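What follows is target36.csv (CSV, C-alpha atoms and all ligand atoms).
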chain,number,residue,atom,x,y,z
A,1,MET,CA,1.3,-14.3,-19.9
A,2,ILE,CA,2.9,-15.0,-16.5
A,3,LEU,CA,5.3,-12.8,-14.5
A,4,LEU,CA,7.4,-13.4,-11.5
A,5,GLY,CA,7.4,-10.4,-9.1
A,6,ILE,CA,10.2,-9.7,-6.7
A,7,GLU,CA,9.9,-7.1,-3.8
A,8,THR,CA,12.7,-6.3,-1.4
A,9,SER,CA,12.3,-2.5,-0.9
A,10,CYS,CA,12.3,-2.6,2.9
A,11,ASP,CA,11.9,-5.4,5.5
A,12,GLU,CA,9.8,-7.8,3.6
A,13,THR,CA,11.2,-10.3,1.1
A,14,GLY,CA,8.5,-11.1,-1.4
A,15,ALA,CA,8.2,-13.3,-4.6
A,16,ALA,CA,5.0,-14.0,-6.5
A,17,VAL,CA,3.8,-15.4,-9.7
A,18,VAL,CA,0.9,-13.7,-11.4
A,19,GLU,CA,-0.9,-14.6,-14.6
A,20,LYS,CA,-2.8,-12.4,-17.0
A,21,LYS,CA,-5.8,-14.4,-18.1
A,22,ASN,CA,-9.2,-13.4,-19.6
A,23,GLY,CA,-8.4,-9.7,-19.1
A,24,GLY,CA,-7.8,-10.2,-15.3
A,25,LEU,CA,-4.7,-10.7,-13.2
A,26,GLN,CA,-4.6,-13.9,-11.1
A,27,ILE,CA,-2.2,-14.7,-8.3
A,28,LEU,CA,-0.7,-18.1,-8.7
A,29,SER,CA,1.6,-17.8,-5.7
A,30,ASN,CA,2.5,-15.0,-3.3
A,31,GLU,CA,5.3,-15.6,-0.7
A,32,VAL,CA,6.5,-13.2,1.8
A,33,ALA,CA,9.2,-13.5,4.5
A,34,SER,CA,9.5,-10.7,7.0
A,35,SER,CA,12.3,-9.6,9.3
A,36,LEU,CA,9.7,-7.6,11.2
A,37,SER,CA,10.2,-9.5,14.5
A,38,LEU,CA,13.8,-8.5,14.3
A,39,HIS,CA,13.0,-4.9,13.8
A,40,ALA,CA,10.3,-4.9,16.5
A,41,GLN,CA,13.1,-5.6,19.0
A,42,THR,CA,15.1,-2.6,17.9
A,43,GLY,CA,12.0,-0.3,17.7
A,44,GLY,CA,12.5,0.4,14.0
A,45,ILE,CA,14.4,-0.8,10.9
A,46,ILE,CA,18.2,-0.9,10.9
A,47,PRO,CA,19.0,-0.8,7.2
A,48,GLU,CA,22.1,-3.1,7.4
A,49,ALA,CA,20.1,-5.7,9.3
A,50,ALA,CA,17.2,-5.5,6.9
A,51,ALA,CA,19.6,-6.0,3.9
A,52,ARG,CA,21.2,-9.0,5.6
A,53,GLU,CA,17.8,-10.6,6.2
A,54,GLN,CA,16.9,-9.9,2.5
A,55,LEU,CA,20.0,-11.9,1.4
A,56,ARG,CA,19.0,-14.8,3.7
A,57,TYR,CA,15.5,-15.1,2.4
A,58,ILE,CA,15.6,-14.1,-1.3
A,59,LEU,CA,16.5,-17.4,-2.9
A,60,PRO,CA,14.3,-19.7,-0.8
A,61,ILE,CA,11.3,-17.3,-1.3
A,62,ILE,CA,11.7,-17.2,-5.1
A,63,GLU,CA,12.0,-21.0,-5.2
A,64,LYS,CA,8.9,-21.3,-3.1
A,65,ALA,CA,7.0,-18.9,-5.3
A,66,ILE,CA,8.0,-20.8,-8.5
A,67,GLU,CA,7.2,-24.2,-7.0
A,68,LYS,CA,3.7,-24.4,-8.4
A,69,THR,CA,4.7,-23.1,-11.9
A,70,SER,CA,8.0,-23.7,-13.7
A,71,TRP,CA,10.7,-21.4,-15.0
A,72,GLU,CA,9.8,-22.2,-18.6
A,73,LYS,CA,6.3,-20.7,-18.1
A,74,ILE,CA,7.6,-17.4,-16.7
A,75,ASP,CA,7.5,-14.7,-19.4
A,76,GLY,CA,9.3,-12.0,-17.4
A,77,ILE,CA,10.7,-10.8,-14.1
A,78,ALA,CA,9.2,-7.7,-12.5
A,79,VAL,CA,11.3,-6.3,-9.7
A,80,THR,CA,11.0,-3.3,-7.4
A,81,TYR,CA,13.9,-0.9,-8.1
A,82,GLY,CA,12.8,1.9,-5.8
A,83,PRO,CA,12.0,3.7,-3.6
A,84,GLY,CA,13.3,2.0,-0.5
A,85,LEU,CA,16.4,1.1,1.4
A,86,ILE,CA,19.4,0.9,-0.9
A,87,GLY,CA,20.8,-2.3,0.7
A,88,SER,CA,17.4,-4.1,0.6
A,89,LEU,CA,16.6,-2.9,-3.0
A,90,LEU,CA,20.0,-4.1,-4.3
A,91,VAL,CA,19.3,-7.7,-3.1
A,92,GLY,CA,16.1,-7.9,-5.2
A,93,VAL,CA,17.5,-5.9,-8.2
A,94,GLU,CA,20.7,-7.9,-8.5
A,95,THR,CA,18.9,-11.2,-8.1
A,96,ALA,CA,16.4,-10.2,-10.8
A,97,LYS,CA,19.2,-9.1,-13.1
A,98,THR,CA,21.0,-12.3,-12.7
A,99,LEU,CA,17.9,-14.4,-13.3
A,100,SER,CA,17.1,-12.3,-16.4
A,101,TYR,CA,20.6,-12.7,-17.8
A,102,VAL,CA,20.9,-16.4,-17.1
A,103,LEU,CA,17.4,-17.4,-18.1
A,104,LYS,CA,17.1,-14.9,-20.9
A,105,LYS,CA,13.8,-13.5,-19.6
A,106,PRO,CA,12.9,-9.8,-19.9
A,107,ILE,CA,13.3,-7.8,-16.7
A,108,ILE,CA,10.7,-5.1,-15.8
A,109,PRO,CA,11.8,-2.5,-13.3
A,110,VAL,CA,8.8,-1.5,-11.2
A,111,ASN,CA,8.2,1.5,-9.0
A,112,HIS,CA,7.1,0.3,-5.5
A,113,LEU,CA,4.5,3.1,-5.3
A,114,TYR,CA,3.0,2.0,-8.6
A,115,GLY,CA,2.9,-1.5,-7.1
A,116,HIS,CA,0.7,-0.3,-4.2
A,117,ILE,CA,-1.7,1.2,-6.8
A,118,TYR,CA,-1.7,-1.8,-9.1
A,119,ALA,CA,-2.6,-4.2,-6.2
A,120,ASN,CA,-6.1,-3.0,-7.1
A,121,TRP,CA,-5.8,-4.6,-10.5
A,122,LEU,CA,-5.4,-8.1,-9.1
A,123,SER,CA,-8.8,-9.4,-10.3
A,124,GLU,CA,-9.5,-11.6,-7.3
A,125,GLU,CA,-9.1,-8.4,-5.3
A,126,SER,CA,-11.5,-6.4,-7.4
A,127,ARG,CA,-14.1,-9.1,-6.8
A,128,ILE,CA,-13.6,-9.1,-3.1
A,129,MET,CA,-13.7,-5.3,-3.0
A,130,ASN,CA,-16.9,-5.3,-5.1
A,131,LYS,CA,-18.5,-7.6,-2.6
A,132,GLU,CA,-17.2,-5.7,0.3
A,133,LEU,CA,-17.7,-2.2,-0.9
A,134,ARG,CA,-19.4,-1.6,-4.2
A,135,ASN,CA,-22.8,-0.1,-4.0
A,136,LYS,CA,-23.9,-0.9,-7.6
A,137,LYS,CA,-25.2,-4.3,-8.6
A,138,LEU,CA,-23.0,-5.9,-11.1
A,139,ASP,CA,-23.2,-8.9,-13.3
A,140,ALA,CA,-21.3,-11.7,-11.6
A,141,LYS,CA,-19.1,-12.5,-14.7
A,142,ARG,CA,-17.9,-8.9,-15.0
A,143,LEU,CA,-16.8,-8.9,-11.4
A,144,THR,CA,-13.9,-11.3,-12.2
A,145,LEU,CA,-12.4,-8.8,-14.6
A,146,ALA,CA,-9.7,-6.4,-13.4
A,147,ALA,CA,-10.7,-4.1,-16.2
A,148,GLU,CA,-13.5,-3.0,-13.9
A,149,ILE,CA,-11.4,0.0,-12.9
A,150,GLU,CA,-12.4,3.0,-15.0
A,151,PHE,CA,-10.4,6.1,-15.7
A,152,PRO,CA,-10.0,8.8,-14.6
A,153,ALA,CA,-9.0,7.2,-11.3
A,154,LEU,CA,-7.7,8.8,-8.1
A,155,ALA,CA,-5.2,6.7,-6.0
A,156,LEU,CA,-4.5,7.3,-2.4
A,157,VAL,CA,-1.1,5.7,-1.5
A,158,VAL,CA,-0.7,5.5,2.2
A,159,SER,CA,2.3,3.7,3.6
A,160,GLY,CA,5.0,4.0,6.1
A,161,GLY,CA,6.9,6.5,3.9
A,162,HIS,CA,4.2,8.0,1.7
A,163,THR,CA,0.9,9.8,1.7
A,164,ASP,CA,0.2,10.6,-1.9
A,165,LEU,CA,-2.8,11.5,-4.0
A,166,VAL,CA,-2.2,10.4,-7.6
A,167,MET,CA,-4.5,11.2,-10.5
A,168,MET,CA,-4.5,8.6,-13.3
A,169,GLN,CA,-6.0,9.6,-16.6
A,170,SER,CA,-4.8,6.4,-18.1
A,171,HIS,CA,-2.1,3.8,-17.3
A,172,GLU,CA,0.5,6.1,-18.9
A,173,THR,CA,-0.6,9.4,-17.4
A,174,LEU,CA,0.0,9.8,-13.7
A,175,GLU,CA,0.1,13.1,-11.9
A,176,VAL,CA,0.8,13.6,-8.2
A,177,ILE,CA,-1.8,16.2,-7.0
A,178,GLY,CA,-1.0,16.1,-3.3
A,179,GLY,CA,1.3,14.6,-0.7
A,180,THR,CA,2.4,15.0,2.9
A,181,ARG,CA,4.5,18.0,3.9
A,182,ASP,CA,6.1,16.1,6.8
A,183,ASP,CA,5.3,12.7,8.2
A,184,ALA,CA,3.5,10.0,6.3
A,185,ALA,CA,0.2,8.6,7.6
A,186,GLY,CA,1.9,5.2,8.5
A,187,GLU,CA,4.8,7.1,10.1
A,188,ALA,CA,2.3,9.0,12.3
A,189,PHE,CA,0.8,5.6,13.5
A,190,ASP,CA,4.2,4.2,14.1
A,191,LYS,CA,5.6,7.2,16.0
A,192,ILE,CA,2.5,7.6,18.2
A,193,GLY,CA,2.6,3.8,18.8
A,194,ARG,CA,6.2,4.2,20.0
A,195,LEU,CA,5.1,6.9,22.5
A,196,LEU,CA,2.7,4.2,23.8
A,197,GLY,CA,5.4,1.6,24.1
A,198,MET,CA,4.1,-0.4,21.2
A,199,SER,CA,6.4,-2.3,18.9
A,200,TYR,CA,7.1,-1.3,15.3
A,201,PRO,CA,5.1,-0.9,13.1
A,202,ALA,CA,2.2,0.2,15.3
A,203,GLY,CA,-0.6,0.9,12.8
A,204,ALA,CA,-2.4,-2.4,13.2
A,205,GLU,CA,-2.0,-2.4,17.0
A,206,ILE,CA,-3.4,1.1,17.3
A,207,ALA,CA,-6.3,0.1,15.1
A,208,ASN,CA,-7.0,-3.1,17.2
A,209,ARG,CA,-6.7,-1.2,20.5
A,210,GLY,CA,-9.0,1.5,19.2
A,211,GLU,CA,-11.7,-0.9,18.1
A,212,LYS,CA,-13.6,-0.6,21.4
A,213,GLY,CA,-12.6,2.9,22.2
A,214,ASP,CA,-14.4,6.2,21.7
A,215,PRO,CA,-12.9,8.1,18.8
A,216,LYS,CA,-14.2,11.4,20.2
A,217,ALA,CA,-12.7,11.0,23.7
A,218,PHE,CA,-9.5,12.9,22.9
A,219,GLN,CA,-9.6,16.1,20.9
A,220,LEU,CA,-6.7,15.7,18.4
A,221,PRO,CA,-5.8,18.1,15.6
A,222,ARG,CA,-6.5,17.5,12.0
A,223,PRO,CA,-3.9,19.6,10.3
A,224,MET,CA,-4.7,21.0,6.8
A,225,ILE,CA,-8.1,19.3,6.8
A,226,GLY,CA,-9.6,22.5,5.4
A,227,SER,CA,-6.7,23.8,3.3
A,228,ASP,CA,-7.6,24.4,-0.4
A,229,ASP,CA,-4.9,22.0,-1.8
A,230,PHE,CA,-4.7,18.3,-1.7
A,231,ASP,CA,-1.7,18.1,0.7
A,232,PHE,CA,-1.4,16.5,4.1
A,233,SER,CA,0.5,17.1,7.3
A,234,PHE,CA,0.7,14.8,10.3
A,235,SER,CA,3.6,16.2,12.4
A,236,GLY,CA,1.1,18.4,14.4
A,237,LEU,CA,-0.8,15.3,15.4
A,238,LYS,CA,2.4,13.7,16.6
A,239,THR,CA,3.2,16.7,18.8
A,240,ALA,CA,-0.3,16.7,20.2
A,241,ALA,CA,0.0,13.0,20.9
A,242,LEU,CA,3.3,13.6,22.7
A,243,THR,CA,1.6,16.0,25.1
A,244,ALA,CA,-1.5,13.8,25.5
A,245,THR,CA,0.6,10.7,26.4
A,246,LYS,CA,2.7,12.3,29.1
A,247,ASN,CA,0.8,10.3,31.8
A,248,ALA,CA,0.1,7.3,29.5
A,249,LYS,CA,1.8,4.9,31.9
A,250,GLU,CA,-1.0,5.5,34.4
A,251,TRP,CA,-3.8,5.0,31.9
A,252,ASP,CA,-6.3,2.2,32.3
A,253,GLU,CA,-7.3,0.0,29.4
A,254,LYS,CA,-10.3,2.1,28.5
A,255,THR,CA,-8.3,5.4,28.3
A,256,LEU,CA,-5.7,3.7,26.1
A,257,SER,CA,-8.5,2.3,23.8
A,258,ASP,CA,-10.1,5.8,23.6
A,259,PHE,CA,-6.8,7.4,22.8
A,260,CYS,CA,-6.0,4.8,20.0
A,261,ALA,CA,-9.5,5.3,18.6
A,262,SER,CA,-9.0,9.1,18.6
A,263,VAL,CA,-5.6,8.9,16.9
A,264,GLN,CA,-7.0,6.5,14.2
A,265,TRP,CA,-10.0,8.7,13.7
A,266,SER,CA,-8.0,11.9,13.3
A,267,ILE,CA,-5.7,10.2,10.7
A,268,VAL,CA,-8.6,8.6,8.8
A,269,ASP,CA,-10.8,11.7,8.9
A,270,VAL,CA,-8.1,13.8,7.1
A,271,LEU,CA,-7.3,11.1,4.6
A,272,VAL,CA,-10.9,10.6,3.7
A,273,LYS,CA,-11.9,14.3,3.5
A,274,LYS,CA,-9.0,15.2,1.3
A,275,THR,CA,-9.5,12.2,-1.0
A,276,ILE,CA,-13.2,12.8,-1.4
A,277,LYS,CA,-12.5,16.5,-2.1
A,278,ALA,CA,-10.0,15.6,-4.9
A,279,ALA,CA,-12.3,12.9,-6.3
A,280,LYS,CA,-15.1,15.4,-6.6
A,281,PHE,CA,-12.8,18.1,-8.1
A,282,TYR,CA,-11.5,15.8,-10.7
A,283,ASN,CA,-14.8,14.0,-11.2
A,284,VAL,CA,-13.2,10.6,-11.1
A,285,LYS,CA,-14.8,7.2,-11.9
A,286,SER,CA,-12.6,5.2,-9.5
A,287,ILE,CA,-11.0,5.7,-6.1
A,288,LEU,CA,-8.1,3.3,-5.5
A,289,LEU,CA,-6.6,2.7,-2.0
A,290,GLY,CA,-3.1,1.2,-1.6
A,291,GLY,CA,-0.2,0.9,0.9
A,292,GLY,CA,-0.1,-0.6,4.4
A,293,VAL,CA,-2.4,2.0,5.9
A,294,ALA,CA,-5.1,1.0,3.4
A,295,ALA,CA,-5.3,-2.2,5.5
A,296,ASN,CA,-7.0,-0.1,8.1
A,297,GLN,CA,-10.6,-1.2,8.4
A,298,MET,CA,-11.9,2.3,9.4
A,299,LEU,CA,-10.2,3.9,6.4
A,300,ARG,CA,-11.7,1.3,4.1
A,301,GLU,CA,-15.2,1.8,5.5
A,302,GLN,CA,-15.1,5.5,5.8
A,303,MET,CA,-13.9,6.0,2.3
A,304,GLN,CA,-16.7,4.0,0.9
A,305,LEU,CA,-19.3,5.6,3.2
A,306,ASN,CA,-18.2,9.1,2.3
A,307,ALA,CA,-18.1,8.4,-1.4
A,308,ARG,CA,-21.7,7.5,-1.1
A,309,ARG,CA,-22.6,10.3,1.3
A,310,TYR,CA,-21.2,12.9,-1.2
A,311,GLU,CA,-22.9,11.1,-4.1
A,312,LEU,CA,-19.7,10.6,-6.0
A,313,ASP,CA,-20.1,8.8,-9.3
A,314,ALA,CA,-17.0,6.8,-8.4
A,315,THR,CA,-16.4,3.2,-7.2
A,316,THR,CA,-14.0,2.7,-4.3
A,317,PHE,CA,-11.5,-0.1,-4.8
A,318,VAL,CA,-9.3,-1.5,-2.1
A,319,PRO,CA,-7.0,-4.6,-2.2
A,320,ARG,CA,-7.3,-7.5,0.2
A,321,LYS,CA,-5.5,-6.5,3.4
A,322,GLU,CA,-2.4,-8.6,2.9
A,323,LEU,CA,-2.0,-7.0,-0.5
A,324,CYS,CA,-2.0,-3.5,1.0
A,325,THR,CA,1.2,-4.1,2.9
A,326,ASP,CA,4.3,-4.8,1.0
A,327,ASN,CA,4.1,-7.9,-1.2
A,328,ALA,CA,5.4,-9.1,-4.6
A,329,ALA,CA,2.1,-9.9,-6.3
A,330,MET,CA,1.5,-6.1,-6.5
A,331,ILE,CA,4.9,-5.7,-8.2
A,332,ALA,CA,4.1,-8.4,-10.7
A,333,ALA,CA,0.7,-6.7,-11.3
A,334,ALA,CA,2.3,-3.4,-12.0
A,335,GLY,CA,4.8,-5.2,-14.2
A,336,PHE,CA,2.0,-6.0,-16.7
A,337,PHE,CA,1.6,-2.2,-17.3
A,338,THR,CA,5.3,-1.3,-17.3
A,339,LYS,CA,7.9,-1.4,-20.1
A,340,PRO,CA,10.6,-4.1,-19.9
A,341,ALA,CA,14.2,-3.0,-19.9
A,342,SER,CA,17.5,-4.8,-20.6
A,343,TRP,CA,19.2,-6.0,-17.5
A,344,GLN,CA,22.1,-3.7,-18.0
A,345,GLU,CA,19.8,-0.7,-17.6
A,346,VAL,CA,18.2,-1.6,-14.3
A,347,THR,CA,19.6,0.1,-11.2
A,348,ALA,CA,18.3,0.4,-7.7
A,349,ASN,CA,17.0,3.9,-6.9
A,350,PRO,CA,16.2,4.5,-3.3
A,351,GLU,CA,14.9,8.0,-4.0
A,352,LEU,CA,12.5,7.1,-6.8
A,353,TYR,CA,9.2,9.0,-6.9
A,354,TYR,CA,6.4,8.7,-9.4
B,401,LIG,O1,3.1,-0.3,2.5
B,401,LIG,P1,3.8,-0.8,3.8
B,401,LIG,O2,3.7,-2.2,4.1
B,401,LIG,O3,5.3,-0.4,3.7
B,401,LIG,C1,5.8,0.7,3.2
B,401,LIG,O4,5.9,0.8,1.9
B,401,LIG,O5,6.0,1.7,4.0
B,401,LIG,O6,3.2,0.1,4.9
B,401,LIG,C2,3.6,0.0,6.3
B,401,LIG,C3,2.8,1.0,7.1
B,401,LIG,C4,3.3,1.0,8.6
B,401,LIG,O7,3.5,2.4,8.9
B,401,LIG,C5,2.2,0.4,9.4
B,401,LIG,O8,2.0,0.9,10.7
B,401,LIG,C6,1.0,0.7,8.5
B,401,LIG,O9,1.4,0.6,7.2
B,401,LIG,N1,-0.2,-0.2,8.8
B,401,LIG,C7,-1.4,0.2,9.3
B,401,LIG,C8,-2.2,-1.0,9.4
B,401,LIG,N2,-1.5,-2.0,8.9
B,401,LIG,C9,-0.2,-1.5,8.5
B,401,LIG,N3,-1.8,1.4,9.6
B,401,LIG,C10,-3.0,1.5,10.1
B,401,LIG,N4,-3.9,0.5,10.3
B,401,LIG,C11,-3.5,-0.8,9.9
B,401,LIG,N5,-4.4,-1.8,10.0
B,402,ZN,ZN,5.1,-0.2,0.6

So, in terms of structure tokens, how does the structure I just supplied come out?
Amino acid sequence: MILLGIETSCDETGAAVVEKKNGGLQILSNEVASSLSLHAQTGGIIPEAAAREQLRYILPIIEKAIEKTSWEKIDGIAVTYGPGLIGSLLVGVETAKTLSYVLKKPIIPVNHLYGHIYANWLSEESRIMNKELRNKKLDAKRLTLAAEIEFPALALVVSGGHTDLVMMQSHETLEVIGGTRDDAAGEAFDKIGRLLGMSYPAGAEIANRGEKGDPKAFQLPRPMIGSDDFDFSFSGLKTAALTATKNAKEWDEKTLSDFCASVQWSIVDVLVKKTIKAAKFYNVKSILLGGGVAANQMLREQMQLNARRYELDATTFVPRKELCTDNAAMIAAAGFFTKPASWQEVTANPELYY
């Protein structure tokens, strides 16, 4: 079975073709066009500008994704219908509906957040993850199967708009057990980056800058790290960063690196501690990371390290970095586990949750 995935929830226009084969999901093509450089100039996303760019890219990107396959081989069209920016979502949804109607192919409305979780099911990614992170020795053949992920699974979705802990008892049973009370983890990176004069989004730049810095140089708060729920809060960190960066213009390279390392460490520390606590509480078999912040190397390593340190009987999965940030392969992946709809039923929903 082969699905075309379409992703236009924000500033990335994505189209991908994914095949289900031998129990695993394989990416045949995965194309992304981004209007990021445009938004970097304005210091953030202007929704109307993002929607216009989506319109510009959508057809060429779909054509490029389909190039190596053919329309006859496509069994369905999975499209992000929310959450996201309404103008951007509409471009993908209306395109997918038109294709579904004209080509008589089923349409599968996919929740973007599920997409971030299902990036973990792309079998090539499981294999990479296993090499990178898994502590058990596994039979080489089994590593190619996406079915490696065992339930119950705990997913940490960390993106520009979300910081959610989601329990999955099965593909059909999802429960949000925690989330952020204010800013999302990616939002914290982006807002603090802005204080430092970095362009949007700033997560990767803070991580790069922080690589050589001392994560203990600045004492930054870790709000709610010890609270007895599974919620997060990052606005206190942002306020502390505002005070700490008052003289940032006079900082030398070393101080800037130290500050970036400290910011990264305080965000990662909270994310890891809360996830491990939840994984233990629910006795999960798998921990899944997803969303743009899951591209963060420190988060990837610390999650794995701590799962071992606390002797969890769980395997940590994390998609390849370019599959953590927004892309259409993850939407196609989620499409294999989502019910198709008739094209008349599909509408963009910017406020969609789980
Ligand atoms: O999932 P995503 O591409 O878009 C949303 O659905 O929001 O996530 C984007 C977020 C941004 O806040 C960005 O700063 C953050 O992911 N991000 C990172 C890294 N790469 C992207 N944060 C920390 N470290 C990174 N390496
Ligand atoms: Zn996303």

Dump the neighbourhood of ligand LIG 401 (chain B) as a PyMOL selection string: all residues within 7 Å, distances computed on only C-alpha atoms and all ligand atoms. chain A and resi 158-162+186-187+189-190+201-204+207+291-297+324-326

For a cutoff of 10 Å around the file-coordinate point (17.7, -12.3, 4.3), which residues qualify once you count all atoms listed in the file? I'd like the result as a ChimeraX atom specification. /A:8,11-13,33-35,49-61,88,91

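Atom CA of A:Thr239 is positioned 14.2 Å from atom CA of A:Phe259.
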
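Proximity to A:Ile331 was assessed for A:Ala261, A:Leu3, A:Ile206, A:Leu237 counting all atoms listed in the file; the smallest distance is recorded for A:Leu3.
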
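Our summary of the geometry notes that atom CA of A:Lys64 is positioned 20.0 Å from atom CA of A:Gly335.
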
Which is closer to ligand ZN 402 (chain B) than all the others in A:Ser286, A:Ile107, A:Asn327, A:Val270, using all atoms listed in the file? A:Asn327

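The two atoms in question, atom CA of A:Ala155 and atom CA of A:Lys20, are spaced 22.2 Å apart.
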
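Within the 9 Å cut-off around A:Leu288, using all atoms listed in the file and omitting residues fewer than 3 positions from it on the same chain, the listed residues are Ile117, Tyr118, Asn120, Ile149, Ala153, Leu154, Ala155, Leu156, Val157, Thr315, Thr316, Phe317, Val318 and Pro319 of chain A.
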
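With distances taken over all atoms listed in the file, A:Asn111 is the one residue among A:Ser257, A:Asn111, A:Ser70, A:Thr180 lying closest to ligand ZN 402 (chain B).
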
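With all atoms listed in the file as the basis for measurement, A:Thr163 is the residue among A:Thr245, A:Gln264, A:Thr163, A:Ser100 that approaches ligand ZN 402 (chain B) most closely.
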
Calculated over all atoms listed in the file, which of the candidates A:Ala96, A:Glu172, A:Arg181, A:Gly290 has the smallest distance to ligand ZN 402 (chain B)? A:Gly290

Show me, as a Markdown table, the residues of stretch 166-227 of chain A having an atom within 10 Å of stretch 249-253 of chain A, each with the closest atom pair and its distance in Å, using only C-alpha atoms.
| residue | atom | partner | partner_atom | distance |
| --- | --- | --- | --- | --- |
| A:Leu196 | CA | A:Lys249 | CA | 8.2 |
| A:Gly197 | CA | A:Lys249 | CA | 9.2 |
| A:Arg209 | CA | A:Glu253 | CA | 9.0 |
| A:Gly213 | CA | A:Glu253 | CA | 9.4 |
